[in-house]
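S.K.: First the structure, which I've put down as structure tokens, then a few questions once you've had a look.
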Amino acid sequence: MDDVLRPLTVVGGSVVLTLLLGWATDLLLRKADERHHETPLWGLLRRARVPYQLVLCTALLRGSYVEARLFPDHRVGIGRTLTLVLIGSAAWLVIRIAAAVVETSYTRYANARSHRDPARVRRVRTQVTLIRRVVSAIVGVVAVAAMLLTFPAMRAAGASLLASAGILGIVAGVAAQSTLGNMFAGLQIAFGDMVRIGDTVVVDGEWGTVEEITLTFLTVRTWDERRITMPVSYFTSKPFENWSRGTPQMTGTVFWHLDHSAPLEAMRDRLRDILRECPAWDGRAYNLTVTDSTPSTMEVRALVTAKDADDIWTVRVEVRERMIRWLADEHPYALPRVNTADAVPPPGLDGHRSPRGIPAARRVHSHPRER
């Protein structure tokens, strides 16, 4: 009877105590979250309740398993398994707590500066994201190392591993040169303020918004919702356009190819009216000039302004569409035309026809067999 009650008491007591402590802790965090709405810390800490309960249960079982006298022949293996689970769950809990603290700090900073300095908020967001990933990687490496050191064979091989660490470091550095380069490039991007999460960039002719930055790659979401993933080393070794660098205000251009008789003064007045009716125009400036001319058309360019890249696109397409519609309705002669009139034959060829009845001016372009 004692062989049955003892394991049930030890294991069941550990599980029940874990559930009670977990429930009490979650209740306290929930009340703290309801009382302090200005900070998301307590709500984020509630997400760590699973690793927290796992750490409690594993620690209780690891400390009281010997008293259970269950499977005595496998005591070493079960104890080592519980130790591995304890190390892994503890690392999971540390990562969750660190993420909650970092996210709370960023949220407070963003709420205080989002309206005054949005560019700096995006910079801090990029740095916070990379710092959190670095912390997670370090905790994971330490946890794996601690797990390996629980095996006696690994502890015995520690001296030889340290002796050959120099050679292994050189080999690993050569083999992982690209990966290490991307990692250092990621840190350079995070703290060098080259590109930030939320920036509007143009990379290899693709326009989009930086959606994610890691230690090794960067993801750009294009305007048509595609994702372009590139190594971060690209942004430290090649030029790219960052439209969010400095102030987000932008100047855009709209081009038309029109007839030489187009009413330029009326077009300037119409451009002013279109911009006044366009909510995306920021009211800073506008202009309309002739920038080029060909024998059949002239190139007319309009300059417009907006507060950011999204609004400048809206202003450009609206100005282009409404101006073309206005010209077609009010001044159709201003649109480019194709001359379809018959060519006038050179002097001296009027009325002169070939034996087959083809004018001499056209006979020049006939087939060689007909000449």
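Here's how to read the names in the structure tokens: chain A, B, ... by the order shown, residue numbers from 1 in each chain, ligand numbers from 1 in the order shown.
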For Thr81 of chain A, work out the shell of residues within 12 Å, counting only C-alpha atoms and skipping chain neighbours fewer than 5 positions away, then give it as a list in words.
M.R.: Thr58, Ala59, Leu61, Arg62, Tyr65, His74, Arg75, Val76, Leu86, Ile87, Gly88, Met147, Leu148, Thr150 and Phe151 of chain A
S.K.: Out of segment 18-63 of chain A, which residues get helix (DSSP H, G or I) from DSSP, as a VMD selection string?
M.R.: chain A and resid 18 to 35 41 to 46 49 to 63
S.K.: Nearest residue to Gly198 of chain A out of A:Leu303, A:Ile97, A:Val139, A:Ala309, using only C-alpha atoms?
M.R.: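 Among the listed residues, A:Ala309 lies closest to Gly198 of chain A.
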S.K.: Going by DSSP on the backbone, which residues of segment 285-322 of chain A come out as strand (DSSP E or B)? List them as an MDAnalysis selection string.
M.R.: chainID A and resid 285:293 298:306
S.K.: Tell me which protein, DNA and RNA residues are within 12 Å of Val101 of chain A, counting only C-alpha atoms, leaving out same-chain ones fewer than 4 positions away, and put them as a list in words.
M.R.: Thr39, Pro40, Leu41, Trp42, Gly43, Leu44, Leu45, Ala48, Val94, Ile95, Arg96, Ile97, Ser105, Tyr106, Thr107, Arg108, Val128 and Arg132 of chain A
S.K.: Find the residues around Cys278 of chain A up to 12 Å (only C-alpha atoms counted), leave out those fewer than 3 positions away in its own chain, and share them as a list in words.
M.R.: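 Those residues are Leu271, Arg272, Asp273, Ile274, Leu275, Trp281, Asp282, Gly283, Val304, Thr305, Ala306, Asp311, Ile312, Trp313, Thr314, Val315, Arg316, Val317, Glu318, Val319 and Arg322 of chain A.
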S.K.: Rank nothing, just name the residue among A:Thr291, A:Val300, A:Ile228, A:Thr251 nearest to Gly205 of chain A, using only C-alpha atoms.
M.R.: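 Closest to Gly205 of chain A of all the choices is A:Ile228.
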S.K.: Take atom CA of Gly252 of chain A and atom CA of Ile197 of chain A and report the distance between them in Å, one decimal.
M.R.: 23.5 Å
S.K.: Pick the closest to Ser14 of chain A from A:Ala143, A:Leu56, A:Leu29, A:Val50: which is it, counting only C-alpha atoms?
M.R.: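 That would be A:Leu56, the residue with the smallest distance to Ser14 of chain A.
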S.K.: Report as a PyMOL selection string all protein, DNA and RNA residues lying within 12 Å of Ser244 of chain A, evaluated on only C-alpha atoms, omitting residues in the same chain fewer than 6 positions from it.
M.R.: chain A and resi 118-120+122-123+193-202+208-210+250+307-310
S.K.: Emit the selected residues as an mmCIF file, in the first residue's frame, including C-alpha atoms.
M.R.:
data_model
loop_
_atom_site.group_PDB
_atom_site.id
_atom_site.type_symbol
_atom_site.label_atom_id
_atom_site.label_comp_id
_atom_site.auth_asym_id
_atom_site.auth_seq_id
_atom_site.Cartn_x
_atom_site.Cartn_y
_atom_site.Cartn_z
ATOM 1 C CA PRO A 118 7.951 59.114 -35.071
ATOM 2 C CA ALA A 119 11.276 58.482 -36.817
ATOM 3 C CA ARG A 120 13.061 58.030 -33.491
ATOM 4 C CA ARG A 122 10.856 53.498 -35.361
ATOM 5 C CA ARG A 123 14.588 53.511 -34.644
ATOM 6 C CA ASP A 193 20.097 54.232 -37.781
ATOM 7 C CA MET A 194 20.483 53.273 -41.444
ATOM 8 C CA VAL A 195 17.057 51.664 -41.865
ATOM 9 C CA ARG A 196 14.253 51.087 -39.360
ATOM 10 C CA ILE A 197 11.083 49.069 -39.100
ATOM 11 C CA GLY A 198 8.341 51.012 -40.855
ATOM 12 C CA ASP A 199 10.673 52.938 -43.199
ATOM 13 C CA THR A 200 9.687 53.323 -46.846
ATOM 14 C CA VAL A 201 12.560 52.094 -49.037
ATOM 15 C CA VAL A 202 13.333 51.388 -52.676
ATOM 16 C CA GLY A 208 7.915 48.948 -50.095
ATOM 17 C CA THR A 209 7.944 49.216 -46.296
ATOM 18 C CA VAL A 210 10.424 47.527 -43.969
ATOM 19 C CA MET A 250 8.158 64.250 -50.320
ATOM 20 C CA LYS A 307 3.517 64.618 -46.083
ATOM 21 C CA ASP A 308 4.756 61.070 -46.817
ATOM 22 C CA ALA A 309 5.294 58.457 -49.522
ATOM 23 C CA ASP A 310 1.766 57.060 -49.389
#
S.K.: Could you tell me how far atom CA of Arg125 of chain A sits from atom CA of Asp204 of chain A, in Å to one decimal place?
M.R.: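 Rounded to one decimal, the two atoms are 25.0 Å apart.
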S.K.: What is the atom CA of Ile131 of chain A-atom CA of Phe217 of chain A distance in Å, reported with one decimal?
M.R.: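 Computing the Euclidean distance for atom CA of Ile131 of chain A and atom CA of Phe217 of chain A yields 14.9 Å.
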S.K.: For Thr129 of chain A, find every residue with an atom within 12 Å (counting only C-alpha atoms), except residues of its own chain fewer than 5 positions away, and show them as a PyMOL selection string.
M.R.: chain A and resi 98-99+102-103+106+122-124+134-136+186-187+189-191+196-197+211-215
S.K.: Could the residues in this selection be written to a file with N, CA, C and O atoms, as a short mmCIF file (atom, residue, chain, number, x, y, z; two decimals), in the first residue's frame?
M.R.:
data_model
loop_
_atom_site.label_atom_id
_atom_site.label_comp_id
_atom_site.auth_asym_id
_atom_site.auth_seq_id
_atom_site.Cartn_x
_atom_site.Cartn_y
_atom_site.Cartn_z
N ALA A 98 11.93 38.63 -20.07
CA ALA A 98 12.74 39.67 -20.72
C ALA A 98 11.96 40.35 -21.83
O ALA A 98 12.01 41.58 -21.98
N ALA A 99 11.21 39.56 -22.61
CA ALA A 99 10.40 40.14 -23.68
C ALA A 99 9.32 41.06 -23.12
O ALA A 99 9.04 42.13 -23.68
N VAL A 102 11.06 44.35 -21.93
CA VAL A 102 11.52 45.16 -23.06
C VAL A 102 10.33 45.77 -23.80
O VAL A 102 10.34 46.96 -24.16
N GLU A 103 9.28 44.98 -24.03
CA GLU A 103 8.11 45.49 -24.74
C GLU A 103 7.41 46.57 -23.94
O GLU A 103 6.91 47.56 -24.51
N TYR A 106 9.44 49.79 -24.30
CA TYR A 106 9.24 50.40 -25.62
C TYR A 106 7.86 51.05 -25.73
O TYR A 106 7.72 52.14 -26.30
N ARG A 122 10.56 54.63 -34.48
CA ARG A 122 10.86 53.50 -35.36
C ARG A 122 12.28 53.00 -35.15
O ARG A 122 12.53 51.80 -35.21
N ARG A 123 13.21 53.93 -34.90
CA ARG A 123 14.59 53.51 -34.64
C ARG A 123 14.67 52.68 -33.36
O ARG A 123 15.32 51.64 -33.33
N VAL A 124 14.01 53.15 -32.30
CA VAL A 124 14.02 52.41 -31.04
C VAL A 124 13.34 51.07 -31.21
O VAL A 124 13.78 50.06 -30.63
N VAL A 134 18.73 39.00 -29.68
CA VAL A 134 20.06 38.67 -29.17
C VAL A 134 19.96 38.03 -27.79
O VAL A 134 20.62 37.02 -27.50
N VAL A 135 19.11 38.60 -26.93
CA VAL A 135 18.94 38.03 -25.59
C VAL A 135 18.39 36.62 -25.67
O VAL A 135 18.84 35.70 -24.96
N SER A 136 17.41 36.41 -26.56
CA SER A 136 16.85 35.06 -26.72
C SER A 136 17.91 34.08 -27.19
O SER A 136 17.98 32.94 -26.71
N GLY A 186 23.51 43.32 -39.09
CA GLY A 186 22.25 43.56 -38.39
C GLY A 186 22.44 44.48 -37.20
O GLY A 186 21.64 45.39 -36.96
N LEU A 187 23.50 44.26 -36.43
CA LEU A 187 23.79 45.16 -35.30
C LEU A 187 24.14 46.56 -35.78
O LEU A 187 23.76 47.56 -35.16
N ILE A 189 22.98 47.99 -38.50
CA ILE A 189 21.73 48.63 -38.91
C ILE A 189 20.94 49.09 -37.70
O ILE A 189 20.35 50.18 -37.69
N ALA A 190 20.91 48.26 -36.66
CA ALA A 190 20.10 48.59 -35.49
C ALA A 190 20.61 49.84 -34.78
O ALA A 190 19.82 50.70 -34.38
N PHE A 191 21.92 49.95 -34.63
CA PHE A 191 22.46 51.06 -33.84
C PHE A 191 23.08 52.15 -34.71
O PHE A 191 23.50 53.18 -34.19
N ARG A 196 15.03 51.44 -40.53
CA ARG A 196 14.25 51.09 -39.36
C ARG A 196 12.98 50.39 -39.78
O ARG A 196 12.54 50.51 -40.94
N ILE A 197 12.37 49.69 -38.85
CA ILE A 197 11.08 49.07 -39.10
C ILE A 197 10.06 50.16 -39.38
O ILE A 197 9.93 51.11 -38.61
N GLU A 211 9.29 45.63 -42.98
CA GLU A 211 8.34 44.96 -42.10
C GLU A 211 9.03 44.24 -40.95
O GLU A 211 8.50 44.17 -39.84
N GLU A 212 10.23 43.70 -41.19
CA GLU A 212 10.91 42.92 -40.16
C GLU A 212 12.42 43.03 -40.35
O GLU A 212 12.91 43.02 -41.49
N ILE A 213 13.15 43.15 -39.25
CA ILE A 213 14.61 43.18 -39.27
C ILE A 213 15.11 42.19 -38.24
O ILE A 213 14.75 42.28 -37.06
N THR A 214 15.91 41.25 -38.67
CA THR A 214 16.53 40.29 -37.77
C THR A 214 18.04 40.46 -37.85
O THR A 214 18.55 41.36 -38.53
N LEU A 215 18.77 39.58 -37.17
CA LEU A 215 20.23 39.66 -37.21
C LEU A 215 20.81 39.20 -38.53
O LEU A 215 21.97 39.48 -38.82
#
S.K.: Need the shell around His331 of chain A: protein/DNA/RNA residues with any atom at most 12 Å away, counting only C-alpha atoms. Skip same-chain ones fewer than 5 positions apart. Format as a list in words?
M.R.: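 Here the answer would be Leu258, Asp259, Ser261, Ala262, Pro263, Leu264, Ala266, Met267, Met323, Ile324, Arg325, Trp326 and Pro336 of chain A.
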S.K.: Write a file of the just-selected residues containing N, CA and C atoms, as a PDB file, in the first residue's frame.
M.R.:
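Below is the file that was written, part-v3.pdb:
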ATOM      1  N   LEU A 258       1.762  66.319 -74.487  1.00  0.00           N
ATOM      2  CA  LEU A 258       0.631  67.035 -75.064  1.00  0.00           C
ATOM      3  C   LEU A 258       1.022  67.703 -76.374  1.00  0.00           C
ATOM      4  N   ASP A 259      -0.003  68.188 -77.059  1.00  0.00           N
ATOM      5  CA  ASP A 259       0.208  68.943 -78.285  1.00  0.00           C
ATOM      6  C   ASP A 259       0.788  70.321 -77.948  1.00  0.00           C
ATOM      7  N   SER A 261      -0.177  73.080 -78.743  1.00  0.00           N
ATOM      8  CA  SER A 261      -1.207  74.091 -78.520  1.00  0.00           C
ATOM      9  C   SER A 261      -1.904  73.943 -77.171  1.00  0.00           C
ATOM     10  N   ALA A 262      -1.407  73.117 -76.280  1.00  0.00           N
ATOM     11  CA  ALA A 262      -2.039  72.907 -74.983  1.00  0.00           C
ATOM     12  C   ALA A 262      -2.066  74.212 -74.183  1.00  0.00           C
ATOM     13  N   PRO A 263      -3.166  74.510 -73.502  1.00  0.00           N
ATOM     14  CA  PRO A 263      -3.297  75.771 -72.736  1.00  0.00           C
ATOM     15  C   PRO A 263      -2.565  75.677 -71.385  1.00  0.00           C
ATOM     16  N   LEU A 264      -1.347  76.131 -71.331  1.00  0.00           N
ATOM     17  CA  LEU A 264      -0.534  75.966 -70.131  1.00  0.00           C
ATOM     18  C   LEU A 264      -1.081  76.771 -68.949  1.00  0.00           C
ATOM     19  N   ALA A 266      -4.161  77.748 -68.392  1.00  0.00           N
ATOM     20  CA  ALA A 266      -5.381  77.097 -67.895  1.00  0.00           C
ATOM     21  C   ALA A 266      -5.048  75.805 -67.141  1.00  0.00           C
ATOM     22  N   MET A 267      -4.022  75.103 -67.578  1.00  0.00           N
ATOM     23  CA  MET A 267      -3.610  73.887 -66.873  1.00  0.00           C
ATOM     24  C   MET A 267      -3.067  74.222 -65.482  1.00  0.00           C
ATOM     25  N   MET A 323      -6.515  65.633 -64.595  1.00  0.00           N
ATOM     26  CA  MET A 323      -6.033  66.555 -65.618  1.00  0.00           C
ATOM     27  C   MET A 323      -6.298  65.997 -67.014  1.00  0.00           C
ATOM     28  N   ILE A 324      -6.072  64.706 -67.218  1.00  0.00           N
ATOM     29  CA  ILE A 324      -6.342  64.104 -68.527  1.00  0.00           C
ATOM     30  C   ILE A 324      -7.831  64.167 -68.846  1.00  0.00           C
ATOM     31  N   ARG A 325      -8.679  63.892 -67.844  1.00  0.00           N
ATOM     32  CA  ARG A 325     -10.116  63.952 -68.078  1.00  0.00           C
ATOM     33  C   ARG A 325     -10.561  65.378 -68.416  1.00  0.00           C
ATOM     34  N   TRP A 326      -9.981  66.366 -67.734  1.00  0.00           N
ATOM     35  CA  TRP A 326     -10.328  67.765 -68.002  1.00  0.00           C
ATOM     36  C   TRP A 326      -9.887  68.191 -69.399  1.00  0.00           C
ATOM     37  N   PRO A 336      -2.211  64.666 -77.561  1.00  0.00           N
ATOM     38  CA  PRO A 336      -1.359  64.333 -78.721  1.00  0.00           C
ATOM     39  C   PRO A 336      -2.163  63.637 -79.801  1.00  0.00           C
TER      40      PRO A 336
END
